[in-house]
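Have a look at structure08.cif; it's mmCIF, C-alpha atoms:
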```cif
data_input
loop_
_atom_site.group_PDB
_atom_site.id
_atom_site.type_symbol
_atom_site.label_atom_id
_atom_site.label_comp_id
_atom_site.auth_asym_id
_atom_site.auth_seq_id
_atom_site.Cartn_x
_atom_site.Cartn_y
_atom_site.Cartn_z
ATOM 1 C CA MET A 1 -10.813 -101.475 47.100
ATOM 2 C CA ALA A 2 -13.518 -103.983 46.164
ATOM 3 C CA ILE A 3 -12.355 -107.084 44.286
ATOM 4 C CA ALA A 4 -14.093 -107.694 40.939
ATOM 5 C CA LYS A 5 -16.615 -110.504 40.838
ATOM 6 C CA ALA A 6 -14.775 -112.305 38.038
ATOM 7 C CA GLU A 7 -11.619 -112.445 40.174
ATOM 8 C CA ARG A 8 -13.614 -113.649 43.171
ATOM 9 C CA LEU A 9 -15.220 -116.446 41.138
ATOM 10 C CA MET A 10 -11.845 -117.471 39.740
ATOM 11 C CA ASN A 11 -10.302 -117.630 43.208
ATOM 12 C CA LEU A 12 -13.198 -119.716 44.521
ATOM 13 C CA ALA A 13 -12.977 -122.103 41.564
ATOM 14 C CA LEU A 14 -9.217 -122.518 42.042
ATOM 15 C CA CYS A 15 -9.668 -123.238 45.749
ATOM 16 C CA LEU A 16 -12.314 -125.880 45.099
ATOM 17 C CA LEU A 17 -10.339 -127.507 42.261
ATOM 18 C CA SER A 18 -6.999 -127.600 44.125
ATOM 19 C CA ALA A 19 -8.397 -128.843 47.447
ATOM 20 C CA ARG A 20 -7.430 -132.402 48.409
ATOM 21 C CA ARG A 21 -10.511 -132.659 50.607
ATOM 22 C CA PRO A 22 -13.861 -130.827 50.899
ATOM 23 C CA LEU A 23 -13.478 -127.305 52.319
ATOM 24 C CA THR A 24 -15.979 -125.771 54.685
ATOM 25 C CA LYS A 25 -17.389 -122.274 54.391
ATOM 26 C CA ARG A 26 -15.194 -121.214 57.269
ATOM 27 C CA GLU A 27 -12.055 -122.454 55.516
ATOM 28 C CA LEU A 28 -13.021 -120.824 52.218
ATOM 29 C CA ARG A 29 -13.749 -117.549 53.974
ATOM 30 C CA GLY A 30 -10.283 -117.531 55.492
ATOM 31 C CA SER A 31 -8.582 -118.412 52.194
ATOM 32 C CA ILE A 32 -10.165 -115.994 49.726
ATOM 33 C CA GLU A 33 -9.391 -112.307 50.152
ATOM 34 C CA ALA A 34 -12.777 -111.129 48.885
ATOM 35 C CA TYR A 35 -14.537 -113.191 51.547
ATOM 36 C CA ILE A 36 -12.224 -111.924 54.278
ATOM 37 C CA GLU A 37 -13.397 -108.415 53.369
ATOM 38 C CA ALA A 38 -17.059 -109.483 53.181
ATOM 39 C CA GLY A 39 -17.955 -108.107 56.609
ATOM 40 C CA ASN A 40 -20.553 -109.880 58.750
ATOM 41 C CA ASP A 41 -21.645 -113.511 58.398
ATOM 42 C CA ASP A 42 -24.893 -112.723 56.565
ATOM 43 C CA SER A 43 -23.062 -110.719 53.905
ATOM 44 C CA PHE A 44 -20.511 -113.500 53.423
ATOM 45 C CA ASN A 45 -23.165 -116.229 53.241
ATOM 46 C CA ARG A 46 -25.158 -114.369 50.588
ATOM 47 C CA LYS A 47 -22.049 -113.677 48.505
ATOM 48 C CA PHE A 48 -20.788 -117.260 48.799
ATOM 49 C CA GLU A 49 -24.126 -118.803 47.814
ATOM 50 C CA ARG A 50 -24.414 -116.515 44.782
ATOM 51 C CA ASP A 51 -20.859 -117.304 43.723
ATOM 52 C CA LYS A 52 -21.399 -121.037 44.129
ATOM 53 C CA ASP A 53 -24.558 -120.904 42.007
ATOM 54 C CA ASP A 54 -22.793 -118.815 39.359
ATOM 55 C CA LEU A 55 -19.951 -121.322 39.083
ATOM 56 C CA ARG A 56 -22.415 -124.167 38.697
ATOM 57 C CA GLU A 57 -24.240 -122.257 35.950
ATOM 58 C CA LEU A 58 -20.888 -121.848 34.202
ATOM 59 C CA GLY A 59 -20.491 -125.634 34.224
ATOM 60 C CA LEU A 60 -18.293 -126.286 37.263
ATOM 61 C CA VAL A 61 -19.412 -129.419 39.117
ATOM 62 C CA ILE A 62 -19.272 -128.700 42.868
ATOM 63 C CA ASP A 63 -19.902 -131.620 45.205
ATOM 64 C CA THR A 64 -21.362 -131.098 48.678
ATOM 65 C CA VAL A 65 -20.020 -133.456 51.368
ATOM 66 C CA GLU A 66 -21.007 -133.732 55.028
ATOM 67 C CA SER A 67 -18.032 -134.288 57.323
ATOM 68 C CA VAL A 68 -17.892 -136.362 60.463
ATOM 69 C CA GLU A 69 -18.204 -133.202 62.564
ATOM 70 C CA GLY A 70 -21.472 -132.379 60.805
ATOM 71 C CA GLU A 71 -20.092 -129.468 58.795
ATOM 72 C CA ILE A 72 -20.790 -129.128 55.075
ATOM 73 C CA GLY A 73 -17.755 -129.185 52.799
ATOM 74 C CA TYR A 74 -17.398 -128.270 49.126
ATOM 75 C CA VAL A 75 -15.021 -129.625 46.493
ATOM 76 C CA ALA A 76 -14.726 -129.602 42.691
ATOM 77 C CA ARG A 77 -13.264 -132.984 41.752
ATOM 78 C CA HIS A 78 -10.991 -133.139 38.711
ATOM 79 C CA ASP A 79 -12.619 -136.261 37.300
ATOM 80 C CA SER A 80 -16.002 -134.477 37.323
ATOM 81 C CA ASN A 81 -14.658 -131.294 35.720
ATOM 82 C CA ARG A 82 -12.414 -132.691 33.011
ATOM 83 C CA LEU A 83 -13.452 -131.850 29.467
ATOM 84 C CA PRO A 84 -13.610 -134.704 26.953
ATOM 85 C CA PRO A 85 -10.896 -134.791 24.279
ATOM 86 C CA VAL A 86 -11.448 -132.205 21.537
ATOM 87 C CA THR A 87 -11.146 -133.770 18.091
ATOM 88 C CA LEU A 88 -11.947 -131.888 14.887
ATOM 89 C CA ASP A 89 -12.297 -133.361 11.427
ATOM 90 C CA ALA A 90 -10.685 -131.693 8.412
ATOM 91 C CA ALA A 91 -13.731 -129.582 7.537
ATOM 92 C CA GLU A 92 -14.190 -128.361 11.117
ATOM 93 C CA ALA A 93 -10.486 -127.557 11.468
ATOM 94 C CA THR A 94 -10.506 -125.604 8.207
ATOM 95 C CA ALA A 95 -13.557 -123.607 9.306
ATOM 96 C CA LEU A 96 -11.893 -122.869 12.649
ATOM 97 C CA GLY A 97 -8.707 -121.775 10.939
ATOM 98 C CA LEU A 98 -10.635 -119.512 8.591
ATOM 99 C CA ALA A 99 -12.416 -117.933 11.555
ATOM 100 C CA ALA A 100 -9.045 -117.313 13.215
ATOM 101 C CA ARG A 101 -7.776 -115.567 10.071
ATOM 102 C CA VAL A 102 -10.527 -112.990 10.472
ATOM 103 C CA TRP A 103 -8.579 -111.741 13.497
ATOM 104 C CA GLN A 104 -5.253 -111.304 11.678
ATOM 105 C CA GLN A 105 -5.680 -107.521 11.706
ATOM 106 C CA ALA A 106 -7.570 -107.278 15.013
ATOM 107 C CA ARG A 107 -6.596 -107.146 18.658
ATOM 108 C CA LEU A 108 -7.317 -110.844 19.301
ATOM 109 C CA ALA A 109 -4.981 -112.112 16.550
ATOM 110 C CA GLY A 110 -2.509 -113.439 19.127
ATOM 111 C CA ALA A 111 -5.204 -115.144 21.187
ATOM 112 C CA ALA A 112 -6.730 -116.802 18.119
ATOM 113 C CA SER A 113 -3.334 -118.070 16.949
ATOM 114 C CA GLY A 114 -2.504 -119.321 20.444
ATOM 115 C CA ALA A 115 -5.779 -121.215 20.684
ATOM 116 C CA LEU A 116 -5.028 -123.044 17.425
ATOM 117 C CA GLN A 117 -1.538 -123.924 18.645
ATOM 118 C CA LYS A 118 -2.944 -125.387 21.866
ATOM 119 C CA LEU A 119 -5.490 -127.466 19.937
ATOM 120 C CA ARG A 120 -2.745 -128.757 17.662
ATOM 121 C CA ALA A 121 -0.465 -129.573 20.600
ATOM 122 C CA ALA A 122 -3.282 -131.469 22.304
ATOM 123 C CA GLY A 123 -3.979 -133.475 19.174
ATOM 124 C CA GLY A 124 -7.339 -131.835 18.557
ATOM 125 C CA LEU A 125 -6.519 -130.890 14.963
ATOM 126 C CA PRO A 126 -6.022 -133.461 12.210
ATOM 127 C CA GLN A 127 -2.487 -134.090 11.025
ATOM 128 C CA GLN A 128 -1.477 -132.425 7.792
ATOM 129 C CA GLY A 129 -0.951 -134.830 4.926
ATOM 130 C CA THR A 130 -0.790 -135.000 1.191
ATOM 131 C CA ASP A 131 -4.355 -136.150 0.760
ATOM 132 C CA GLU A 132 -5.975 -133.494 -1.417
ATOM 133 C CA ALA A 133 -9.422 -134.432 -0.153
ATOM 134 C CA GLN A 134 -8.384 -133.374 3.321
ATOM 135 C CA GLY A 135 -7.705 -129.820 2.197
ATOM 136 C CA PRO A 136 -5.542 -127.199 3.884
ATOM 137 C CA GLY A 137 -5.245 -127.059 7.646
ATOM 138 C CA PRO A 138 -6.169 -124.042 9.757
ATOM 139 C CA GLU A 139 -2.749 -122.415 9.395
ATOM 140 C CA GLU A 140 -0.546 -124.288 6.915
ATOM 141 C CA GLY A 141 -2.106 -124.908 3.538
ATOM 142 C CA HIS A 142 -0.890 -127.069 0.674
ATOM 143 C CA SER A 143 -3.042 -125.409 -1.960
ATOM 144 C CA THR A 144 -2.273 -122.341 -4.062
ATOM 145 C CA ILE A 145 -5.750 -121.057 -3.201
ATOM 146 C CA GLU A 146 -6.108 -120.040 0.427
ATOM 147 C CA PRO A 147 -9.434 -118.898 1.883
ATOM 148 C CA TYR A 148 -9.172 -115.447 3.442
ATOM 149 C CA ILE A 149 -11.678 -113.096 5.027
ATOM 150 C CA PRO A 150 -10.326 -109.562 5.545
ATOM 151 C CA ALA A 151 -11.428 -107.553 8.557
ATOM 152 C CA ARG A 152 -9.647 -104.260 7.989
ATOM 153 C CA GLU A 153 -12.457 -101.895 8.959
ATOM 154 C CA ALA A 154 -11.852 -100.183 12.297
ATOM 155 C CA ALA A 155 -15.539 -100.728 13.102
ATOM 156 C CA PHE A 156 -15.251 -104.530 12.926
ATOM 157 C CA GLU A 157 -13.882 -105.258 16.398
ATOM 158 C CA PRO A 158 -16.104 -102.905 18.467
ATOM 159 C CA LEU A 159 -19.182 -104.092 16.558
ATOM 160 C CA MET A 160 -18.262 -107.742 17.016
ATOM 161 C CA LEU A 161 -17.919 -107.183 20.761
ATOM 162 C CA ALA A 162 -21.201 -105.243 20.835
ATOM 163 C CA CYS A 163 -22.991 -108.113 19.059
ATOM 164 C CA ARG A 164 -21.536 -110.576 21.546
ATOM 165 C CA ASP A 165 -22.397 -108.505 24.609
ATOM 166 C CA ARG A 166 -25.780 -107.271 23.303
ATOM 167 C CA ARG A 167 -24.746 -103.633 23.742
ATOM 168 C CA PRO A 168 -26.352 -100.814 21.687
ATOM 169 C CA VAL A 169 -23.952 -98.658 19.682
ATOM 170 C CA VAL A 170 -23.794 -95.243 18.042
ATOM 171 C CA PHE A 171 -21.849 -94.415 14.883
ATOM 172 C CA ASP A 172 -21.839 -92.068 11.897
ATOM 173 C CA TYR A 173 -22.911 -93.725 8.656
ATOM 174 C CA ARG A 174 -22.759 -92.465 5.087
ATOM 175 C CA LYS A 175 -25.191 -94.123 2.688
ATOM 176 C CA SER A 176 -24.062 -94.798 -0.867
ATOM 177 C CA ASN A 177 -26.235 -91.981 -2.258
ATOM 178 C CA ALA A 178 -25.563 -89.442 0.529
ATOM 179 C CA ALA A 179 -22.910 -86.743 0.626
ATOM 180 C CA GLN A 180 -22.819 -86.494 4.428
ATOM 181 C CA ALA A 181 -22.778 -89.090 7.175
ATOM 182 C CA GLN A 182 -25.641 -89.317 9.661
ATOM 183 C CA ARG A 183 -25.653 -90.446 13.282
ATOM 184 C CA ARG A 184 -27.245 -93.895 13.738
ATOM 185 C CA GLN A 185 -28.319 -95.558 16.989
ATOM 186 C CA VAL A 186 -28.290 -99.313 16.463
ATOM 187 C CA GLU A 187 -28.873 -102.480 18.455
ATOM 188 C CA PRO A 188 -26.377 -104.813 16.709
ATOM 189 C CA TRP A 189 -27.418 -108.399 15.987
ATOM 190 C CA THR A 190 -24.814 -110.025 13.770
ATOM 191 C CA LEU A 191 -21.896 -109.440 11.400
ATOM 192 C CA GLU A 192 -21.551 -111.232 8.092
ATOM 193 C CA CYS A 193 -19.019 -111.100 5.275
ATOM 194 C CA TRP A 194 -20.508 -111.166 1.773
ATOM 195 C CA ARG A 195 -18.768 -110.569 -1.543
ATOM 196 C CA GLY A 196 -15.679 -109.232 0.159
ATOM 197 C CA HIS A 197 -17.487 -106.741 2.399
ATOM 198 C CA TRP A 198 -18.595 -106.903 6.045
ATOM 199 C CA TYR A 199 -22.183 -106.008 6.921
ATOM 200 C CA LEU A 200 -23.877 -105.357 10.252
ATOM 201 C CA ALA A 201 -27.516 -106.269 10.755
ATOM 202 C CA GLY A 202 -29.417 -104.729 13.637
ATOM 203 C CA PHE A 203 -32.314 -102.651 14.879
ATOM 204 C CA ASP A 204 -32.138 -98.956 13.987
ATOM 205 C CA ARG A 205 -33.706 -97.125 16.911
ATOM 206 C CA ASP A 206 -34.348 -93.877 15.044
ATOM 207 C CA ARG A 207 -36.148 -95.655 12.216
ATOM 208 C CA ALA A 208 -37.690 -98.330 14.464
ATOM 209 C CA ALA A 209 -36.877 -101.045 11.934
ATOM 210 C CA GLU A 210 -34.280 -103.635 10.946
ATOM 211 C CA ARG A 211 -31.383 -102.234 8.932
ATOM 212 C CA VAL A 212 -28.185 -103.552 7.346
ATOM 213 C CA PHE A 213 -25.028 -101.401 7.348
ATOM 214 C CA ARG A 214 -21.869 -101.857 5.310
ATOM 215 C CA LEU A 215 -18.879 -101.424 7.619
ATOM 216 C CA SER A 216 -16.784 -99.569 5.031
ATOM 217 C CA ARG A 217 -19.359 -96.746 5.125
ATOM 218 C CA ILE A 218 -19.108 -96.261 8.893
ATOM 219 C CA THR A 219 -17.096 -93.116 9.596
ATOM 220 C CA GLY A 220 -15.461 -92.168 12.865
ATOM 221 C CA THR A 221 -15.579 -94.220 16.046
ATOM 222 C CA VAL A 222 -18.160 -96.817 17.063
ATOM 223 C CA ARG A 223 -19.265 -96.030 20.624
ATOM 224 C CA ALA A 224 -21.040 -98.476 22.907
ATOM 225 C CA ARG A 225 -23.991 -97.245 24.974
ATOM 226 C CA GLN A 226 -25.358 -98.295 28.335
ATOM 227 C CA GLY A 227 -28.585 -100.245 28.645
ATOM 228 C CA GLY A 228 -30.035 -103.258 26.911
ATOM 229 C CA PHE A 229 -31.881 -103.905 23.686
ATOM 230 C CA THR A 230 -35.365 -102.502 23.205
ATOM 231 C CA ALA A 231 -36.339 -104.811 20.333
ATOM 232 C CA PRO A 232 -36.263 -108.627 20.237
ATOM 233 C CA VAL A 233 -33.416 -110.281 18.355
ATOM 234 C CA PRO A 234 -34.790 -112.524 15.581
ATOM 235 C CA ASP A 235 -33.879 -116.211 15.588
ATOM 236 C CA GLN A 236 -32.486 -115.887 12.059
ATOM 237 C CA VAL A 237 -30.987 -112.771 10.463
ATOM 238 C CA THR A 238 -30.739 -112.926 6.667
ATOM 239 C CA VAL A 239 -28.029 -110.400 5.873
ATOM 240 C CA ARG A 240 -27.368 -111.521 2.307
ATOM 241 C CA GLU A 241 -31.007 -111.629 1.329
ATOM 242 C CA THR A 242 -31.556 -108.192 2.841
ATOM 243 C CA VAL A 243 -28.643 -106.681 0.911
ATOM 244 C CA GLU A 244 -29.812 -108.244 -2.354
ATOM 245 C CA ARG A 245 -33.334 -107.002 -1.776
ATOM 246 C CA TRP A 246 -32.041 -103.509 -0.942
ATOM 247 C CA ALA A 247 -29.870 -103.534 -4.067
ATOM 248 C CA GLY A 248 -32.817 -104.535 -6.225
ATOM 249 C CA GLU A 249 -30.827 -107.223 -8.004
ATOM 250 C CA SER A 250 -32.661 -109.331 -10.563
ATOM 251 C CA ALA A 251 -31.796 -111.278 -13.678
ATOM 252 C CA SER A 252 -33.975 -108.973 -15.792
ATOM 253 C CA ARG A 253 -31.997 -105.810 -14.896
ATOM 254 C CA THR A 254 -28.309 -105.942 -15.741
ATOM 255 C CA ALA A 255 -25.399 -103.624 -16.375
ATOM 256 C CA ARG A 256 -22.640 -104.139 -18.944
ATOM 257 C CA ILE A 257 -19.102 -103.221 -17.922
ATOM 258 C CA ARG A 258 -15.527 -103.681 -19.099
ATOM 259 C CA LEU A 259 -13.176 -105.102 -16.472
ATOM 260 C CA ARG A 260 -9.406 -105.313 -16.674
ATOM 261 C CA SER A 261 -8.217 -108.928 -16.977
ATOM 262 C CA GLY A 262 -7.007 -110.448 -13.713
ATOM 263 C CA SER A 263 -8.818 -107.943 -11.483
ATOM 264 C CA GLY A 264 -12.200 -107.407 -9.859
ATOM 265 C CA TYR A 265 -12.830 -110.946 -8.628
ATOM 266 C CA PRO A 266 -15.898 -109.921 -6.550
ATOM 267 C CA LEU A 267 -17.442 -108.567 -9.755
ATOM 268 C CA ARG A 268 -16.606 -111.736 -11.642
ATOM 269 C CA ALA A 269 -18.261 -113.848 -8.952
ATOM 270 C CA ARG A 270 -21.366 -111.721 -9.345
ATOM 271 C CA ALA A 271 -21.450 -111.756 -13.163
ATOM 272 C CA ALA A 272 -24.126 -113.558 -15.133
ATOM 273 C CA GLU A 273 -21.833 -113.634 -18.183
ATOM 274 C CA VAL A 274 -18.132 -112.968 -18.817
ATOM 275 C CA ARG A 275 -16.646 -112.496 -22.305
ATOM 276 C CA GLU A 276 -12.898 -112.222 -22.965
ATOM 277 C CA LEU A 277 -12.120 -109.340 -25.318
ATOM 278 C CA GLY A 278 -8.475 -110.284 -25.855
ATOM 279 C CA ASP A 279 -6.988 -106.818 -25.313
ATOM 280 C CA GLY A 280 -6.414 -107.046 -21.579
ATOM 281 C CA TRP A 281 -10.097 -106.466 -20.858
ATOM 282 C CA ASP A 282 -13.172 -108.601 -20.281
ATOM 283 C CA GLU A 283 -16.819 -107.706 -20.728
ATOM 284 C CA LEU A 284 -19.232 -108.601 -17.921
ATOM 285 C CA GLU A 285 -22.965 -108.519 -17.385
ATOM 286 C CA ILE A 286 -23.823 -108.048 -13.712
ATOM 287 C CA PRO A 287 -27.077 -107.480 -11.797
ATOM 288 C CA TYR A 288 -27.906 -103.791 -11.642
ATOM 289 C CA GLY A 289 -29.436 -102.389 -8.488
ATOM 290 C CA HIS A 290 -29.283 -99.469 -6.092
ATOM 291 C CA GLY A 291 -25.750 -98.801 -4.842
ATOM 292 C CA LEU A 292 -23.943 -100.434 -7.781
ATOM 293 C CA ASP A 293 -22.392 -97.109 -8.835
ATOM 294 C CA ALA A 294 -20.697 -96.685 -5.437
ATOM 295 C CA TRP A 295 -19.354 -100.233 -5.579
ATOM 296 C CA LEU A 296 -17.953 -99.861 -9.115
ATOM 297 C CA VAL A 297 -16.116 -96.680 -8.137
ATOM 298 C CA GLU A 298 -14.083 -98.703 -5.638
ATOM 299 C CA PHE A 299 -12.421 -100.567 -8.528
ATOM 300 C CA GLY A 300 -11.112 -97.297 -10.000
ATOM 301 C CA PRO A 301 -9.472 -97.509 -13.443
ATOM 302 C CA ASP A 302 -10.037 -101.274 -13.681
ATOM 303 C CA VAL A 303 -13.735 -100.759 -14.545
ATOM 304 C CA VAL A 304 -15.442 -98.948 -17.419
ATOM 305 C CA VAL A 305 -19.249 -98.805 -17.461
ATOM 306 C CA LEU A 306 -20.758 -99.390 -20.907
ATOM 307 C CA GLU A 307 -24.469 -99.355 -20.094
ATOM 308 C CA PRO A 308 -26.992 -98.337 -18.922
ATOM 309 C CA ALA A 309 -26.266 -94.659 -19.514
ATOM 310 C CA GLU A 310 -27.539 -93.513 -16.116
ATOM 311 C CA LEU A 311 -25.190 -95.892 -14.312
ATOM 312 C CA ARG A 312 -22.251 -94.663 -16.402
ATOM 313 C CA ALA A 313 -23.154 -91.053 -15.568
ATOM 314 C CA ASP A 314 -23.440 -91.824 -11.836
ATOM 315 C CA VAL A 315 -20.035 -93.511 -11.768
ATOM 316 C CA ILE A 316 -18.411 -90.608 -13.649
ATOM 317 C CA ASP A 317 -19.963 -88.109 -11.222
ATOM 318 C CA ARG A 318 -18.598 -90.033 -8.261
ATOM 319 C CA LEU A 319 -15.123 -90.274 -9.763
ATOM 320 C CA ARG A 320 -15.094 -86.535 -10.412
ATOM 321 C CA ALA A 321 -16.155 -85.883 -6.811
ATOM 322 C CA VAL A 322 -13.292 -88.068 -5.582
ATOM 323 C CA ALA A 323 -10.813 -86.244 -7.818
ATOM 324 C CA LYS A 324 -11.948 -82.856 -6.515
ATOM 325 C CA GLY A 325 -11.798 -83.991 -2.901
#
```

Produce structure tokens that represent the structure in this file.
Amino acid sequence: MAIAKAERLMNLALCLLSARRPLTKRELRGSIEAYIEAGNDDSFNRKFERDKDDLRELGLVIDTVESVEGEIGYVARHDSNRLPPVTLDAAEATALGLAARVWQQARLAGAASGALQKLRAAGGLPQQGTDEAQGPGPEEGHSTIEPYIPAREAAFEPLMLACRDRRPVVFDYRKSNAAQAQRRQVEPWTLECWRGHWYLAGFDRDRAAERVFRLSRITGTVRARQGGFTAPVPDQVTVRETVERWAGESASRTARIRLRSGSGYPLRARAAEVRELGDGWDELEIPYGHGLDAWLVEFGPDVVVLEPAELRADVIDRLRAVAKG
């Protein structure tokens, strides 16, 4: 059974790092199982040279030394391959901790937590103190307000991996004004959290254009596809601006709603004006654009639409559809 390239590279790196003296090709060939199975000399030489170049591209410093017998030896010295101390200031540590919290409900939660523990053990994270200017650390916070980014959608992890690996994906997507989901073929670029919701930006192959998808509207399973991207990835992807432009938000077009006190914080952050009514409800004016009716429905009985009339009618229709379903 052929040994995976990643395992072969790891074994070669370990041999070169643990060697007390430069090792020749002949010695490396007899020490690494994948090279023992390489076959003839030409096959081994090609594989070894490719592996050596790959390790150097990954950052491993491999020295070439000529021995007294005239043979070439290879070694990766520890002093040449030691990373400098990792030291993060308070702001960087907080940002790193917030990024790790994204994985609390994902498969890599344990790995993210372990990485923070190793940084703390190595002294890479600042010590926690009582200085309020320092702010909360990546795991323990001293404030009653703790930053948190939820990643509950099942589509989050496969899409994050697809963005990282530049792999096209296929999923079913239901637009806010559509009754049925449609199959979408997308080349994913980036994920971004905005106003409590995750969005995917990418190239929609069927529509041959850039599109932004809200993860909560992805139904079913996200499936990765073979092959690479067919469209170039832009240097900068403006997810927030695209969503605002799609929603048609503007200061001149607003909706007036009643919101139960102590609820609907994403709506409050979006509001141009908030008035306390004193009866357990507040009145808000928020930008009114396409898709607002679907968003308001998510807040259920905590929201009552006052105006415009068409928005109120749309929200009522959606609530009735949910009740029937």

As AutoDock Vina command-line options, please report the centre and edge lengths, rounded to one decimal in Å, of the axis-aligned box that holds all listed atoms of range 255-270 of chain A with 4 Å of padding on each of the six sides.
```
--center_x -16.2 --center_y -108.5 --center_z -12.8 --size_x 26.4 --size_y 18.6 --size_z 20.5
```

*Could you spell out the hits of the PyMOL selection byres ((chain A and resi 168) around 7) on the shown file, as a list in words?*
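For this structure, the PyMOL selection byres ((chain A and resi 168) around 7) captures Ala162, Arg166, Arg167, Val169, Val186, Glu187, Pro188, Ala224, Arg225, Gly228 and Phe229 of chain A.
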
_Atomic distance CA of Glu241 in chain A - CA of Phe203 in chain A, expressed in Å with one decimal_ = 16.3 Å

*Long-range neighbours of range 252-263 of chain A as a PyMOL selection string, 12 Å cut-off, all atoms listed in the file, 4 positions minimum in chain*: chain A and resi 247-248+267-290+292-293+296+299-312+315

*Run the PyMOL selection byres ((chain A and resi 5-22) around 9) on the file and write out the hits as a PyMOL selection string.*
chain A and resi 2-4+23-24+28+31-35+51-52+54-55+60+62-67+72-78+81

*So how many Å separate CA of Trp198 in chain A and CA of Glu153 in chain A, to one decimal?*
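About the pair CA of Trp198 in chain A and CA of Glu153 in chain A: they are 8.4 Å apart.
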
Evaluate the PyMOL selection byres ((chain A and resi 207) around 12) and report residues as an mmCIF file with C-alpha atoms, in the coordinates of the input:
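Ended up saving to result16.cif:
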```
data_model
loop_
_atom_site.group_PDB
_atom_site.id
_atom_site.type_symbol
_atom_site.label_atom_id
_atom_site.label_comp_id
_atom_site.auth_asym_id
_atom_site.auth_seq_id
_atom_site.Cartn_x
_atom_site.Cartn_y
_atom_site.Cartn_z
ATOM 1 C CA ARG A 183 -25.653 -90.446 13.282
ATOM 2 C CA ARG A 184 -27.245 -93.895 13.738
ATOM 3 C CA GLN A 185 -28.319 -95.558 16.989
ATOM 4 C CA VAL A 186 -28.290 -99.313 16.463
ATOM 5 C CA GLU A 187 -28.873 -102.480 18.455
ATOM 6 C CA GLY A 202 -29.417 -104.729 13.637
ATOM 7 C CA PHE A 203 -32.314 -102.651 14.879
ATOM 8 C CA ASP A 204 -32.138 -98.956 13.987
ATOM 9 C CA ARG A 205 -33.706 -97.125 16.911
ATOM 10 C CA ASP A 206 -34.348 -93.877 15.044
ATOM 11 C CA ALA A 208 -37.690 -98.330 14.464
ATOM 12 C CA ALA A 209 -36.877 -101.045 11.934
ATOM 13 C CA GLU A 210 -34.280 -103.635 10.946
ATOM 14 C CA ARG A 211 -31.383 -102.234 8.932
#
```

*Which polymer residues have any atom within 6 Å of an atom of Ala201 in chain A, counting only C-alpha atoms, with same-chain residues fewer than 2 positions away left out, as JSON, numbers by chain?*
{"A": [189, 190, 211, 212]}

*In Å to one decimal, how far is CA of Arg164 in chain A from CA of Pro84 in chain A?*
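Computing it gives 26.0 Å between the two atoms.
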
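Compared by their closest atoms to Glu71 in chain A, and using only C-alpha atoms, the residues A:Arg56, A:Arg26, A:Glu157, A:Arg217 rank with A:Arg26 nearest.
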
*List the neighbours of Arg223 in chain A out to 8 Å using only C-alpha atoms; skip same-chain residues closer than 5 positions along the sequence, and give me the result as JSON, numbers by chain.*
{"A": [158, 169, 170, 171]}

Preceding selection exported with C-alpha atoms as a PDB file, in the coordinates of the input:
```pdb
ATOM      1  CA  PRO A 158     -16.104-102.905  18.467  1.00  0.00           C
ATOM      2  CA  VAL A 169     -23.952 -98.658  19.682  1.00  0.00           C
ATOM      3  CA  VAL A 170     -23.794 -95.243  18.042  1.00  0.00           C
ATOM      4  CA  PHE A 171     -21.849 -94.415  14.883  1.00  0.00           C
TER       5      PHE A 171
END
```

_Could you check which residues have any atom within 9 Å of (-17.1, -101.1, 10.4), counting only C-alpha atoms with coordinates taken straight from the file, and then list them as number ranges by chain?_
A: 151-159, 198-200, 213-219, 222

_Nearest to His197 in chain A by atom-to-atom distance, counting all atoms listed in the file, from A:Arg29, A:Asp53, A:Pro232, A:Pro266_ = A:Pro266

*Which is closest to Asn45 in chain A among A:Lys25, A:Ala313, A:Gly220, A:Gly59, if we use only C-alpha atoms?*
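Result for the nearest residue to Asn45 in chain A: A:Lys25.
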